[in-house]
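Report on one structure; see the data block that follows.
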Amino acid sequence: MCPACNGTGADGGLRLACADAHEPALLGAVYREPRFLPDPSRDDLFRYHRWLPLREPLAGSGTTAVYRSDALARINHLGERLRVDAARVLREAGLSSRVTGLGSLFGIHPGGPDGAGCRRDFTCAGVLIDPRGVGSLSTALTDGDVALFLAALRRVAARCA
Ligand SMILES: [Zn+2]
């Protein structure tokens, strides 16, 4: 369904735009089956075939993974602690840096004219971090790993200040 003209049309699986000429609009799906009913005869991704734009299932496709909410809650809490403590470390070092993120994800954004140099130093301090300063915490990490990360950040921040 097109929200710009309220037009509808059959989806052959390749439709990306409305057939009518008007301003750009994001097409929405109108599901034949409004209820979310997994197919119990399958244990792979295609158990959700009623909700997928599917022509035919692939043989040997993977199954879905279920993560226990306590493990996710733990790494989200670790992420929050890392962001709060990293912001404090940078602030105490006198850097105009920012720390962003959500859940187990974080971004360290060194300020100043040599922000990129700061990130290079960070890698040399024993922490492998994305060149843009973003990272994520996995369920294998602990409070001790976050403490090591913050100690490395403190050393780098002292050099960058
Ligand atoms: Zn339209």
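By order of appearance in the structure tokens: chains A, B, ..., then residues from 1 within every chain, and ligands from 1 in the order shown.
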
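If one restricts the calculation to only C-alpha atoms and all ligand atoms, the set of residues situated within 8 Å of ligand 1 consists of A:Met1, A:Cys2, A:Pro3, A:Ala4, A:Cys5, A:Asn6, A:Gly7, A:Thr8, A:Ala17, A:Cys18, A:Ala19, A:Asp20, A:Ala21, A:His22, A:Ala25.
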
With C-alpha atoms retained, write the just-selected residues as a CSV table (one decimal), in the first residue's frame.
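Contents of the output file part_3.csv:
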chain,number,residue,atom,x,y,z
A,1,MET,CA,0.0,0.0,0.0
A,2,CYS,CA,1.2,3.5,-0.9
A,3,PRO,CA,0.8,6.1,1.9
A,4,ALA,CA,1.0,8.9,-0.6
A,5,CYS,CA,-1.9,8.0,-2.8
A,6,ASN,CA,-3.5,5.1,-0.8
A,7,GLY,CA,-3.0,2.9,-3.9
A,8,THR,CA,-2.5,-0.8,-3.6
A,17,ALA,CA,7.9,2.0,-5.8
A,18,CYS,CA,4.4,3.1,-6.4
A,19,ALA,CA,3.1,2.8,-10.0
A,20,ASP,CA,1.7,6.4,-9.8
A,21,ALA,CA,3.8,9.5,-10.3
A,22,HIS,CA,4.0,11.5,-7.1
A,25,ALA,CA,6.7,7.4,-0.3

TODO: May I have all residues of chain A that DSSP, computed from the backbone, assigns to alpha helix (DSSP H), given as a PyMOL selection string?
DONE: chain A and resi 69-92+115-124+143-160

Task: For segment 60-72 of chain A: contacts at 12 Å, only C-alpha atoms, fewer than 5 positions along chain excluded, given as a ChimeraX atom specification - done: /A:42-48,77-79,103-105,137-142

Please dump the current selection as a short mmCIF file (atom, residue, chain, number, x, y, z; two decimals), in the first residue's frame; keep all heavy atoms.
data_model
loop_
_atom_site.label_atom_id
_atom_site.label_comp_id
_atom_site.auth_asym_id
_atom_site.auth_seq_id
_atom_site.Cartn_x
_atom_site.Cartn_y
_atom_site.Cartn_z
N ARG A 42 8.16 -26.41 10.65
CA ARG A 42 9.55 -26.05 10.32
C ARG A 42 10.24 -25.55 11.58
O ARG A 42 9.61 -24.92 12.43
CB ARG A 42 9.57 -24.96 9.25
CG ARG A 42 8.84 -25.35 7.96
CD ARG A 42 9.19 -24.37 6.89
NE ARG A 42 10.59 -24.48 6.55
CZ ARG A 42 11.05 -24.94 5.39
NH1 ARG A 42 10.22 -25.29 4.45
NH2 ARG A 42 12.34 -24.99 5.17
N ASP A 43 11.58 -25.77 11.66
CA ASP A 43 12.33 -25.23 12.79
C ASP A 43 13.37 -24.22 12.33
O ASP A 43 14.18 -23.75 13.11
CB ASP A 43 12.98 -26.35 13.61
CG ASP A 43 14.08 -27.06 12.84
OD1 ASP A 43 14.22 -26.80 11.62
OD2 ASP A 43 14.79 -27.87 13.45
N ASP A 44 13.35 -23.85 11.05
CA ASP A 44 14.31 -22.88 10.54
C ASP A 44 13.64 -21.51 10.38
O ASP A 44 12.51 -21.31 10.81
CB ASP A 44 14.92 -23.37 9.22
CG ASP A 44 13.86 -23.57 8.13
OD1 ASP A 44 12.69 -23.20 8.36
OD2 ASP A 44 14.23 -24.11 7.08
N LEU A 45 14.39 -20.60 9.78
CA LEU A 45 13.88 -19.24 9.58
C LEU A 45 12.53 -19.23 8.86
O LEU A 45 11.70 -18.36 9.10
CB LEU A 45 14.92 -18.44 8.77
CG LEU A 45 14.54 -17.05 8.33
CD1 LEU A 45 14.41 -16.14 9.54
CD2 LEU A 45 15.58 -16.50 7.37
N PHE A 46 12.30 -20.22 8.01
CA PHE A 46 11.10 -20.21 7.20
C PHE A 46 9.85 -20.66 7.97
O PHE A 46 8.78 -20.76 7.39
CB PHE A 46 11.33 -21.04 5.93
CG PHE A 46 12.35 -20.39 5.05
CD1 PHE A 46 13.66 -20.84 5.02
CD2 PHE A 46 12.02 -19.28 4.31
CE1 PHE A 46 14.61 -20.21 4.25
CE2 PHE A 46 12.96 -18.64 3.53
CZ PHE A 46 14.27 -19.11 3.50
N ARG A 47 10.00 -20.88 9.27
CA ARG A 47 8.80 -21.11 10.07
C ARG A 47 7.94 -19.84 10.11
O ARG A 47 6.79 -19.87 10.44
CB ARG A 47 9.15 -21.61 11.47
CG ARG A 47 9.75 -20.55 12.39
CD ARG A 47 10.12 -21.10 13.76
NE ARG A 47 8.93 -21.22 14.57
CZ ARG A 47 8.56 -22.31 15.24
NH1 ARG A 47 9.32 -23.35 15.25
NH2 ARG A 47 7.47 -22.33 15.93
N TYR A 48 8.56 -18.70 9.73
CA TYR A 48 7.83 -17.42 9.67
C TYR A 48 7.45 -17.06 8.24
O TYR A 48 7.23 -15.90 7.93
CB TYR A 48 8.70 -16.32 10.29
CG TYR A 48 9.19 -16.68 11.67
CD1 TYR A 48 10.52 -17.05 11.88
CD2 TYR A 48 8.33 -16.70 12.75
CE1 TYR A 48 10.96 -17.41 13.14
CE2 TYR A 48 8.77 -17.07 14.01
CZ TYR A 48 10.09 -17.42 14.19
OH TYR A 48 10.52 -17.79 15.43
N HIS A 77 23.78 -3.65 30.95
CA HIS A 77 24.21 -2.96 32.17
C HIS A 77 25.71 -2.64 32.09
O HIS A 77 26.15 -1.54 32.46
CB HIS A 77 23.90 -3.81 33.39
CG HIS A 77 24.37 -3.20 34.67
ND1 HIS A 77 23.72 -2.15 35.28
CD2 HIS A 77 25.43 -3.47 35.45
CE1 HIS A 77 24.37 -1.81 36.35
NE2 HIS A 77 25.41 -2.59 36.50
N LEU A 78 26.51 -3.60 31.59
CA LEU A 78 27.95 -3.35 31.41
C LEU A 78 28.16 -2.17 30.45
O LEU A 78 29.04 -1.33 30.67
CB LEU A 78 28.64 -4.58 30.82
CG LEU A 78 29.21 -5.63 31.75
CD1 LEU A 78 29.88 -6.74 30.94
CD2 LEU A 78 30.18 -5.04 32.75
N GLY A 79 27.37 -2.13 29.38
CA GLY A 79 27.48 -1.05 28.41
C GLY A 79 27.17 0.30 29.05
O GLY A 79 27.87 1.29 28.82
N GLY A 103 22.47 0.25 25.13
CA GLY A 103 22.59 -1.17 25.47
C GLY A 103 24.04 -1.58 25.56
O GLY A 103 24.83 -0.95 26.27
N SER A 104 24.44 -2.59 24.82
CA SER A 104 25.81 -3.07 24.86
C SER A 104 26.71 -2.37 23.84
O SER A 104 27.87 -2.72 23.69
CB SER A 104 25.83 -4.58 24.61
OG SER A 104 25.30 -4.86 23.33
N LEU A 105 26.18 -1.38 23.15
CA LEU A 105 26.94 -0.67 22.11
C LEU A 105 27.48 0.65 22.68
O LEU A 105 26.83 1.28 23.49
CB LEU A 105 26.05 -0.37 20.91
CG LEU A 105 25.32 -1.56 20.31
CD1 LEU A 105 24.38 -1.11 19.21
CD2 LEU A 105 26.31 -2.58 19.79
N LEU A 137 29.86 -4.79 23.40
CA LEU A 137 30.23 -5.75 24.43
C LEU A 137 29.52 -7.06 24.15
O LEU A 137 28.34 -7.07 23.83
CB LEU A 137 29.81 -5.21 25.81
CG LEU A 137 30.43 -3.87 26.18
CD1 LEU A 137 29.83 -3.35 27.47
CD2 LEU A 137 31.93 -4.01 26.31
N SER A 138 30.25 -8.16 24.30
CA SER A 138 29.65 -9.47 24.09
C SER A 138 29.35 -10.11 25.43
O SER A 138 29.81 -9.64 26.48
CB SER A 138 30.60 -10.36 23.28
OG SER A 138 31.64 -10.82 24.12
N THR A 139 28.62 -11.20 25.39
CA THR A 139 28.26 -11.89 26.64
C THR A 139 29.48 -12.56 27.28
O THR A 139 29.41 -12.98 28.43
CB THR A 139 27.17 -12.95 26.39
OG1 THR A 139 27.60 -13.82 25.35
CG2 THR A 139 25.85 -12.30 26.02
N ALA A 140 30.61 -12.66 26.55
CA ALA A 140 31.82 -13.25 27.14
C ALA A 140 32.55 -12.26 28.05
O ALA A 140 33.40 -12.66 28.85
CB ALA A 140 32.76 -13.73 26.03
N LEU A 141 32.23 -10.97 27.93
CA LEU A 141 32.96 -9.95 28.69
C LEU A 141 32.42 -9.81 30.11
O LEU A 141 31.26 -10.09 30.38
CB LEU A 141 32.90 -8.61 27.96
CG LEU A 141 33.56 -8.63 26.57
CD1 LEU A 141 33.39 -7.29 25.89
CD2 LEU A 141 35.02 -9.02 26.66
N THR A 142 33.31 -9.35 30.99
CA THR A 142 32.97 -9.22 32.41
C THR A 142 33.27 -7.81 32.90
O THR A 142 33.82 -6.98 32.17
CB THR A 142 33.82 -10.20 33.25
OG1 THR A 142 35.19 -9.80 33.14
CG2 THR A 142 33.65 -11.64 32.77
#

TODO: Quote the spacing between atom CA of Tyr31 of chain A and atom CA of Gly13 of chain A in Å to one decimal place.
DONE: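 These atoms are spaced 13.5 Å apart.
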
Open item on the list: Rounded to one decimal, what separation in Å do you get between atom CA of Val89 of chain A and atom CA of Cys160 of chain A?
Closed with: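 Distance between the two atoms: 12.1 Å.
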
Open item on the list: So the first atom is atom CA of Leu26 of chain A and the second is atom CA of Pro53 of chain A; what is the distance between them in Å, to one decimal place?
Closed with: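 Calculated distance between atom CA of Leu26 of chain A and atom CA of Pro53 of chain A is 16.2 Å.
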
Task: Who sits within 9 Å of Arg154 of chain A, only C-alpha atoms, same chain under 2 positions skipped, as a PyMOL selection string - done: chain A and resi 86+89-90+93+149-152+156-159

Which parts of segment 34-106 of chain A does DSSP call strand (DSSP E) when run on the backbone here, written out as a short mmCIF file (atom, residue, chain, number, x, y, z; two decimals) with N, CA and C atoms, in the first residue's frame?
data_model
loop_
_atom_site.label_atom_id
_atom_site.label_comp_id
_atom_site.auth_asym_id
_atom_site.auth_seq_id
_atom_site.Cartn_x
_atom_site.Cartn_y
_atom_site.Cartn_z
N ARG A 98 32.99 12.92 23.41
CA ARG A 98 31.64 12.45 23.67
C ARG A 98 31.65 10.92 23.73
N VAL A 99 30.75 10.37 24.50
CA VAL A 99 30.54 8.93 24.56
C VAL A 99 29.06 8.71 24.25
N THR A 100 28.82 7.87 23.26
CA THR A 100 27.44 7.59 22.85
C THR A 100 27.21 6.09 22.93
N GLY A 101 25.99 5.69 22.69
CA GLY A 101 25.70 4.27 22.64
C GLY A 101 24.34 3.94 23.22
N LEU A 102 24.03 2.66 23.18
CA LEU A 102 22.77 2.16 23.70
C LEU A 102 22.96 0.68 23.99
N LEU A 105 26.18 -1.38 23.15
CA LEU A 105 26.94 -0.67 22.11
C LEU A 105 27.48 0.65 22.68
N PHE A 106 28.66 1.02 22.22
CA PHE A 106 29.22 2.30 22.67
C PHE A 106 30.02 2.94 21.55
#

- [ ] Return the single residue from A:Ala73, A:Leu27, A:Leu153, A:Val127 that is closest to Arg91 of chain A, with distances computed using only C-alpha atoms.
- [x]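 Result for the nearest residue to Arg91 of chain A: A:Leu153.
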
TODO: Compare A:Pro34, A:Pro57, A:Pro24, A:Gly94 by their minimum atom-to-atom distance to Pro110 of chain A, counting only C-alpha atoms, and give me the closest one.
DONE: A:Gly94
